[in-house]
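The block underneath contains the structure these notes are about, expressed in structure tokens.
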Amino acid sequence: METRKKYHRLLIITIAIILLSPLGYFASGIGQRAAGLTAEPVEISAGVWENSPKAEALHALTLPLRIEKLIVYPALLLLLQFSGWAVRWRTRIEAGVFRVTRRRNRWTGALAAALFIGWVTVVITLIYLPFSGYGFILRRQFGLSTQSVGAWARDFGINWGIGLITNLALYGGFFGLVNLSPRRWHLLAGAGFMAFAFGYILLEPIVITPLFYTVTPVTDPDLRGRITAMADRAGITIDDIVVIDASRKTSAVNAYFTGIGGASKIVLWDTLLKKHPPDEVDVVIAHEMGHWVHKHVLWYILGGGSVLWLGLFALRRWLNRVWRQMGWRSPGDVAAYPYLLGVLALVSALTLPIANGVSRAAENQADDFALAISQKPEAAAQMFERFAVENVSLMTVPAWEKYIFYTHPPLGERVRKAENFSF
Ligand SMILES: [Zn+2]
């Protein structure tokens, strides 16, 4: 009982930190001074860069934010379990559902489980609301967001709804499986996750992207011609390249590759087409073709799915061992949801350097491909430099930070690679 009280106190402190820390970041005044800073990096000598003051200022805020979230978020979730809150919420919600429906069976139990998952989602969202709001303020201060508060709130709400539906489907399905098949759920859950991931990747461009952007196919005959020429050189057929109106929300520049097989797509932000000369756009498209040719999305799902499957074997052993001392009614008790999220967040935090290492390797491969196919190393170097200005990014970062947090090679490295490219 005493330890539970201690965890309770720790939980309150953790929630207070999450609620109040954005105030601290804001009060530092760094963001308020951002508008007056230059975002231009300086090349001191060949291949050696000095970061822009603006990017350094943004970094001075985002690095502690990232580290805080990495540590405090799993702590919050685990403390919801150890303080006894999770089990108490589950008990109350269930009692409420049974009282209102006057039935106690599989269906009312499932309804109570869904409500519990929804409730936990709501609580976490509210605790992190100042954090999310501050993220928007930060992007406004650094000129990265062009959205109004109303437009941001709308996007936030849609995102939240998608997250809620995803959580209900994934975790509702998970706990349902554990209860229906206590011996084999780990095998089924792995297969279910793979199916979900493939479904999501295929549906995302069709269902989710249009909720946030207007999607239009590339019609400019000149651009289409250049894309076809590069695709011929790469020996692939690419028929789906679309533009989204990102400029409505941001001044940042991006492009990405999504989908699998015949349902693949290259998505360009209109900011890219507006701000960059054709040669640089070609390099970006060639980079995305690199992801396409090397089947990075497919490998990502297959690799991630295999790791998850192994993890599920371990999780089954672990749940079977600890469920009694956790105060759950069975290994499939939905009260385990916050704990499960916490363990997942902790594992992701600890394996972040590996996941990001894999991602950087894939990005390097796509950059190599882009240089070989586009044959425009000068445009590539120029473009990465421009990215630093437009996205307020650092050219160089300390090695430890790159290994932990960077999904892409730092821009300085990408410039150097382009400059060292030989035909
Ligand atoms: Zn990429």
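Each chain of the structure tokens is named A, B, ... in the order shown, its residues numbered from 1; ligands are numbered from 1 in display order.
Near ligand 1, at a distance of at most 8 Å and with only C-alpha atoms and all ligand atoms counted, sit the residues Tyr256, Phe257, His287, Glu288, His291, Ala362, Glu363, Ala366, Asp367 and His408 of chain A.
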Generate the output file for the selected residues, C-alpha atoms, as a PDB file, in the first residue's frame.
```
ATOM      1  CA  TYR A 256       7.653  11.268 -49.816  1.00  0.00           C
ATOM      2  CA  PHE A 257       7.069   7.845 -51.204  1.00  0.00           C
ATOM      3  CA  HIS A 287      15.411  10.187 -54.426  1.00  0.00           C
ATOM      4  CA  GLU A 288      11.806   9.032 -53.994  1.00  0.00           C
ATOM      5  CA  HIS A 291      12.825   4.313 -52.157  1.00  0.00           C
ATOM      6  CA  ALA A 362      17.745   3.594 -46.502  1.00  0.00           C
ATOM      7  CA  GLU A 363      17.960   7.387 -46.979  1.00  0.00           C
ATOM      8  CA  ALA A 366      17.965   6.695 -51.931  1.00  0.00           C
ATOM      9  CA  ASP A 367      20.450   9.623 -52.096  1.00  0.00           C
ATOM     10  CA  HIS A 408      17.968  11.132 -42.313  1.00  0.00           C
TER      11      HIS A 408
END
```
Show me, as a VMD selection string, the residues that have an atom within 9 Å of stretch 112-125 of chain A when counting only C-alpha atoms, minus same-chain residues fewer than 6 positions from it. chain A and resid 76 to 77 86 89 to 90 93 to 98 132 160 163 to 164 167 to 168 171 to 172 175 333 to 335 337 to 338
Which residues come within 9 Å of A:Ser21, counting only C-alpha atoms, excluding same-chain residues fewer than 3 positions away, as a VMD selection string? chain A and resid 16 to 18 24 to 26 65 130 to 131
Convert the current residue selection to file output with N, CA and C atoms, as a PDB file, in the first residue's frame.
```pdb
ATOM      1  N   ALA A  16       2.367  16.938 -13.636  1.00  0.00           N
ATOM      2  CA  ALA A  16       2.677  18.363 -13.474  1.00  0.00           C
ATOM      3  C   ALA A  16       3.813  18.780 -14.414  1.00  0.00           C
ATOM      4  N   ILE A  17       4.839  17.933 -14.524  1.00  0.00           N
ATOM      5  CA  ILE A  17       5.965  18.240 -15.424  1.00  0.00           C
ATOM      6  C   ILE A  17       5.465  18.383 -16.862  1.00  0.00           C
ATOM      7  N   ILE A  18       4.626  17.418 -17.289  1.00  0.00           N
ATOM      8  CA  ILE A  18       4.147  17.441 -18.673  1.00  0.00           C
ATOM      9  C   ILE A  18       3.283  18.682 -18.933  1.00  0.00           C
ATOM     10  N   GLY A  24       7.799  26.544 -19.469  1.00  0.00           N
ATOM     11  CA  GLY A  24       9.236  26.781 -19.295  1.00  0.00           C
ATOM     12  C   GLY A  24       9.922  27.047 -20.622  1.00  0.00           C
ATOM     13  N   TYR A  25       9.582  26.217 -21.625  1.00  0.00           N
ATOM     14  CA  TYR A  25      10.195  26.418 -22.948  1.00  0.00           C
ATOM     15  C   TYR A  25       9.800  27.796 -23.504  1.00  0.00           C
ATOM     16  N   PHE A  26       8.535  28.141 -23.297  1.00  0.00           N
ATOM     17  CA  PHE A  26       8.056  29.424 -23.802  1.00  0.00           C
ATOM     18  C   PHE A  26       8.751  30.575 -23.072  1.00  0.00           C
ATOM     19  N   LEU A  65      12.834  19.117 -25.696  1.00  0.00           N
ATOM     20  CA  LEU A  65      11.455  18.627 -25.869  1.00  0.00           C
ATOM     21  C   LEU A  65      11.439  17.144 -26.223  1.00  0.00           C
ATOM     22  N   PRO A 130      -1.165  20.987 -23.642  1.00  0.00           N
ATOM     23  CA  PRO A 130      -0.255  22.147 -23.679  1.00  0.00           C
ATOM     24  C   PRO A 130       0.988  21.869 -24.526  1.00  0.00           C
ATOM     25  N   PHE A 131       1.477  20.644 -24.458  1.00  0.00           N
ATOM     26  CA  PHE A 131       2.633  20.226 -25.236  1.00  0.00           C
ATOM     27  C   PHE A 131       2.342  20.357 -26.738  1.00  0.00           C
TER      28      PHE A 131
END
```
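Shortest atom-to-atom contact with A:His186 among A:Leu312, A:Ala263, A:Leu302, A:Ala286: A:Leu312, counting only C-alpha atoms.
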A:Ile266, A:Ala388, A:Ile127, A:Ile404 ranked by distance to A:Glu56, top pick (using only C-alpha atoms): A:Ala388
Hey, what's within 7 Å of stretch 393-397 of chain A if we count only C-alpha atoms and toss same-chain stuff fewer than 5 positions away? As an mmCIF file with C-alpha atoms, in the first residue's frame, please?
```cif
data_model
loop_
_atom_site.group_PDB
_atom_site.id
_atom_site.type_symbol
_atom_site.label_atom_id
_atom_site.label_comp_id
_atom_site.auth_asym_id
_atom_site.auth_seq_id
_atom_site.Cartn_x
_atom_site.Cartn_y
_atom_site.Cartn_z
ATOM 1 C CA TRP A 49 29.471 24.114 -41.940
ATOM 2 C CA ASN A 51 24.705 26.141 -38.442
ATOM 3 C CA ALA A 55 18.321 26.584 -36.668
ATOM 4 C CA GLU A 56 20.457 26.584 -33.496
ATOM 5 C CA ALA A 388 18.424 23.942 -44.189
ATOM 6 C CA LYS A 402 22.564 11.852 -35.038
ATOM 7 C CA PRO A 410 22.329 15.497 -41.445
ATOM 8 C CA LEU A 411 22.173 17.953 -44.374
ATOM 9 C CA GLY A 412 25.910 18.694 -44.206
#
```
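Minimum atom-to-atom distance to A:Ala246, evaluated using only C-alpha atoms, belongs to A:Val267 out of A:Val267, A:Ile165, A:Ala234, A:Leu11.
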Excluding A:Asp368 and residues on its chain fewer than 5 positions from it, collect all residues at most 9 Å away from it, counting only C-alpha atoms, and give them as a PyMOL selection string. chain A and resi 287+290+363+373+417-418+421
Go ahead and dump the residues you just picked, C-alpha atoms, as a tab-separated table (two decimals), in the first residue's frame.
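Output contents, as saved in out_1.tsv:
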```tsv
chain	number	residue	atom	x	y	z
A	287	HIS	CA	15.41	10.19	-54.43
A	290	GLY	CA	15.19	5.23	-55.00
A	363	GLU	CA	17.96	7.39	-46.98
A	373	ILE	CA	19.75	8.65	-61.92
A	417	LYS	CA	28.05	13.23	-50.61
A	418	ALA	CA	26.68	15.23	-53.56
A	421	PHE	CA	29.87	12.39	-56.49
```
Excluding A:Arg360 and its own-chain neighbours fewer than 3 positions away, which residues fall within 8 Å of it when counting only C-alpha atoms? Please give them as a ChimeraX atom specification. /A:356-357,363-364,406-409
